[in-house]
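What's in protein_5.cif: mmCIF, N, CA and C atoms and all ligand atoms
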data_my_file
loop_
_atom_site.label_atom_id
_atom_site.label_comp_id
_atom_site.auth_asym_id
_atom_site.auth_seq_id
_atom_site.Cartn_x
_atom_site.Cartn_y
_atom_site.Cartn_z
N MET A 594 159.51 -66.16 51.22
CA MET A 594 158.42 -65.24 51.56
C MET A 594 158.12 -65.33 53.06
N VAL A 595 158.10 -64.21 53.66
CA VAL A 595 157.88 -64.17 55.10
C VAL A 595 156.46 -63.69 55.39
N LEU A 596 155.73 -64.55 56.01
CA LEU A 596 154.37 -64.15 56.36
C LEU A 596 154.37 -63.39 57.68
N GLY A 597 153.43 -62.52 57.78
CA GLY A 597 153.33 -61.78 59.04
C GLY A 597 154.21 -60.55 59.08
N LEU A 598 154.97 -60.36 58.04
CA LEU A 598 155.81 -59.16 58.02
C LEU A 598 155.11 -58.08 57.20
N PHE A 599 154.92 -57.01 57.81
CA PHE A 599 154.20 -55.93 57.14
C PHE A 599 154.98 -54.64 57.30
N LYS A 600 155.65 -54.29 56.24
CA LYS A 600 156.46 -53.07 56.30
C LYS A 600 156.05 -52.14 55.18
N LYS A 601 155.29 -51.15 55.57
CA LYS A 601 154.83 -50.19 54.58
C LYS A 601 155.02 -48.79 55.14
N HIS A 602 155.21 -47.89 54.23
CA HIS A 602 155.34 -46.50 54.66
C HIS A 602 154.32 -45.64 53.94
N CYS A 603 153.78 -44.75 54.68
CA CYS A 603 152.83 -43.83 54.09
C CYS A 603 153.55 -42.93 53.09
N PRO A 604 153.09 -42.89 51.85
CA PRO A 604 153.75 -42.07 50.84
C PRO A 604 153.56 -40.57 51.08
N VAL A 605 152.67 -40.22 51.97
CA VAL A 605 152.43 -38.80 52.24
C VAL A 605 153.37 -38.29 53.32
N CYS A 606 153.39 -38.96 54.46
CA CYS A 606 154.21 -38.48 55.58
C CYS A 606 155.45 -39.35 55.80
N GLY A 607 155.46 -40.54 55.21
CA GLY A 607 156.64 -41.38 55.28
C GLY A 607 156.78 -42.20 56.53
N GLN A 608 155.83 -42.12 57.40
CA GLN A 608 155.93 -42.90 58.63
C GLN A 608 155.44 -44.33 58.43
N ASP A 609 155.83 -45.19 59.33
CA ASP A 609 155.40 -46.58 59.24
C ASP A 609 153.88 -46.68 59.31
N VAL A 610 153.40 -47.59 58.52
CA VAL A 610 151.97 -47.82 58.53
C VAL A 610 151.69 -49.11 59.28
N GLU A 611 150.81 -49.04 60.23
CA GLU A 611 150.45 -50.24 60.98
C GLU A 611 149.40 -51.02 60.22
N LYS A 612 149.63 -52.30 60.21
CA LYS A 612 148.75 -53.15 59.42
C LYS A 612 147.28 -52.95 59.78
N GLY A 613 147.02 -52.89 61.06
CA GLY A 613 145.65 -52.76 61.50
C GLY A 613 145.01 -51.45 61.08
N LYS A 614 145.83 -50.43 60.90
CA LYS A 614 145.29 -49.10 60.61
C LYS A 614 145.48 -48.70 59.15
N ALA A 615 146.17 -49.54 58.42
CA ALA A 615 146.49 -49.17 57.06
C ALA A 615 145.24 -48.90 56.23
N VAL A 616 145.36 -47.88 55.42
CA VAL A 616 144.29 -47.55 54.49
C VAL A 616 144.85 -47.78 53.10
N LYS A 617 144.28 -48.71 52.41
CA LYS A 617 144.83 -49.02 51.09
C LYS A 617 144.08 -48.26 50.01
N ARG A 618 144.84 -47.49 49.28
CA ARG A 618 144.26 -46.73 48.18
C ARG A 618 145.23 -46.73 47.03
N PHE A 619 144.71 -46.96 45.85
CA PHE A 619 145.53 -46.85 44.64
C PHE A 619 146.80 -47.68 44.73
N GLY A 620 146.69 -48.82 45.40
CA GLY A 620 147.84 -49.71 45.48
C GLY A 620 148.88 -49.29 46.50
N GLU A 621 148.57 -48.26 47.28
CA GLU A 621 149.49 -47.81 48.31
C GLU A 621 148.84 -47.93 49.68
N TYR A 622 149.66 -48.12 50.68
CA TYR A 622 149.14 -48.14 52.04
C TYR A 622 149.43 -46.81 52.70
N LEU A 623 148.40 -46.25 53.26
CA LEU A 623 148.56 -44.96 53.91
C LEU A 623 148.24 -45.09 55.38
N CYS A 624 148.77 -44.16 56.16
CA CYS A 624 148.64 -44.27 57.60
C CYS A 624 147.24 -43.92 58.08
N SER A 625 146.52 -43.13 57.30
CA SER A 625 145.20 -42.71 57.74
C SER A 625 144.34 -42.30 56.55
N GLU A 626 143.06 -42.20 56.79
CA GLU A 626 142.14 -41.74 55.76
C GLU A 626 142.54 -40.35 55.27
N GLU A 627 142.98 -39.57 56.21
CA GLU A 627 143.38 -38.21 55.89
C GLU A 627 144.47 -38.19 54.81
N HIS A 628 145.44 -39.04 55.03
CA HIS A 628 146.54 -39.08 54.08
C HIS A 628 146.17 -39.80 52.81
N ALA A 629 145.17 -40.67 52.90
CA ALA A 629 144.65 -41.29 51.69
C ALA A 629 144.05 -40.21 50.79
N GLU A 630 143.34 -39.31 51.41
CA GLU A 630 142.75 -38.18 50.69
C GLU A 630 143.85 -37.33 50.07
N GLU A 631 144.83 -37.06 50.88
CA GLU A 631 145.95 -36.24 50.47
C GLU A 631 146.64 -36.86 49.25
N TYR A 632 146.82 -38.14 49.36
CA TYR A 632 147.49 -38.87 48.29
C TYR A 632 146.64 -38.84 47.02
N HIS A 633 145.37 -38.99 47.19
CA HIS A 633 144.44 -38.94 46.06
C HIS A 633 144.53 -37.58 45.37
N LYS A 634 144.57 -36.54 46.16
CA LYS A 634 144.68 -35.19 45.61
C LYS A 634 145.94 -35.05 44.78
N LYS A 635 147.02 -35.59 45.33
CA LYS A 635 148.31 -35.53 44.66
C LYS A 635 148.23 -36.22 43.28
N LEU A 636 147.60 -37.36 43.31
CA LEU A 636 147.48 -38.14 42.07
C LEU A 636 146.68 -37.37 41.03
N THR A 637 145.54 -36.88 41.44
CA THR A 637 144.66 -36.19 40.49
C THR A 637 145.31 -34.90 40.00
N LYS A 638 146.08 -34.29 40.86
CA LYS A 638 146.78 -33.07 40.47
C LYS A 638 147.78 -33.36 39.35
N GLU A 639 148.50 -34.44 39.54
CA GLU A 639 149.48 -34.80 38.53
C GLU A 639 148.81 -35.16 37.21
N GLU A 640 147.66 -35.79 37.32
CA GLU A 640 146.94 -36.15 36.12
C GLU A 640 146.49 -34.92 35.36
N SER A 641 145.94 -33.98 36.08
CA SER A 641 145.42 -32.78 35.42
C SER A 641 146.56 -31.98 34.82
N LYS A 642 147.69 -32.04 35.49
CA LYS A 642 148.86 -31.35 34.96
C LYS A 642 149.25 -31.97 33.62
N ASP A 643 149.15 -33.27 33.59
CA ASP A 643 149.50 -34.00 32.38
C ASP A 643 148.51 -33.68 31.26
N ALA A 644 147.24 -33.62 31.62
CA ALA A 644 146.21 -33.38 30.62
C ALA A 644 146.29 -31.94 30.13
N GLY A 645 146.79 -31.06 30.97
CA GLY A 645 146.83 -29.65 30.62
C GLY A 645 147.77 -29.37 29.47
N ARG A 646 148.84 -30.11 29.43
CA ARG A 646 149.81 -29.83 28.37
C ARG A 646 149.38 -30.53 27.10
N GLY A 647 149.27 -29.75 26.06
CA GLY A 647 148.90 -30.31 24.77
C GLY A 647 147.40 -30.48 24.63
N GLY A 648 146.69 -30.30 25.71
CA GLY A 648 145.24 -30.40 25.61
C GLY A 648 144.65 -29.11 25.09
N ARG A 649 143.46 -29.21 24.55
CA ARG A 649 142.83 -27.99 24.08
C ARG A 649 141.96 -27.42 25.18
N GLY A 650 141.40 -26.28 24.94
CA GLY A 650 140.52 -25.71 25.93
C GLY A 650 141.26 -24.72 26.81
N GLY A 651 142.51 -24.55 26.60
CA GLY A 651 143.26 -23.55 27.35
C GLY A 651 143.01 -22.19 26.73
N ARG A 652 143.75 -21.23 27.21
CA ARG A 652 143.63 -19.95 26.55
C ARG A 652 144.46 -19.96 25.29
N GLY A 653 143.83 -19.75 24.22
CA GLY A 653 144.28 -19.84 22.83
C GLY A 653 145.76 -19.75 22.57
N GLY A 654 146.11 -19.13 21.54
CA GLY A 654 147.53 -19.00 21.23
C GLY A 654 148.14 -20.30 20.77
N CYS A 655 147.59 -20.85 19.76
CA CYS A 655 148.16 -22.09 19.25
C CYS A 655 149.41 -21.79 18.42
N CYS A 656 149.19 -21.07 17.37
CA CYS A 656 150.25 -20.99 16.35
C CYS A 656 151.38 -20.07 16.80
N GLY A 657 152.55 -20.40 16.41
CA GLY A 657 153.67 -19.60 16.85
C GLY A 657 154.19 -18.70 15.81
ZN ZN B 701 150.65 -40.48 56.51
#
If you convert what's in this file into structure tokens, what do you get?
Ligand SMILES: [Zn+2]
Amino acid sequence: MVLGLFKKHCPVCGQDVEKGKAVKRFGEYLCSEEHAEEYHKKLTKEESKDAGRGGRGGRGGCCG
């Protein structure tokens, strides 16, 4: 294990994240608050997509 080595990439833009500036959200390090927000949006979007399928409350048309 190497201490002092910090190699992370922002999952939004892919650039190196500096330890001093890193924003940790949802177990990921992001380069800025802005991208933390962006990443959060991405996550919630995927979740809602997942909930949408098979969930009720959509526009009807159940039976085939
Ligand atoms: Zn970024």
List every residue of chain A that has an atom at most 8 Å from any atom of ligand ZN 701 (chain B), and for each one report the closest atom pair and its distance in Å to one decimal, counting only C-alpha atoms and all ligand atoms, with rows sorted by chain and then by increasing residue number, as a Markdown table.
| residue | atom | partner | partner_atom | distance |
| --- | --- | --- | --- | --- |
| A:His602 | CA | B:ZN701 | ZN | 7.9 |
| A:Cys603 | CA | B:ZN701 | ZN | 4.7 |
| A:Pro604 | CA | B:ZN701 | ZN | 6.7 |
| A:Val605 | CA | B:ZN701 | ZN | 4.9 |
| A:Cys606 | CA | B:ZN701 | ZN | 4.2 |
| A:Gly607 | CA | B:ZN701 | ZN | 6.2 |
| A:Gln608 | CA | B:ZN701 | ZN | 6.2 |
| A:Val610 | CA | B:ZN701 | ZN | 7.7 |
| A:Leu623 | CA | B:ZN701 | ZN | 5.6 |
| A:Cys624 | CA | B:ZN701 | ZN | 4.4 |
| A:Ser625 | CA | B:ZN701 | ZN | 6.0 |
| A:Glu627 | CA | B:ZN701 | ZN | 7.6 |
| A:His628 | CA | B:ZN701 | ZN | 5.0 |
| A:Ala629 | CA | B:ZN701 | ZN | 7.7 |
*Record the distance separating CA of Lys638 (chain A) and CA of Gly613 (chain A), expressed in Å with one decimal.*
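Taking CA of Lys638 (chain A) and CA of Gly613 (chain A), their separation equals 28.8 Å.
Between CA of Glu626 (chain A) and atom C of Lys642 (chain A) the separation is 25.2 Å.
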_To one decimal place in Å, what is the distance between atom N of Lys612 (chain A) and atom N of Glu640 (chain A)?_
28.3 Å
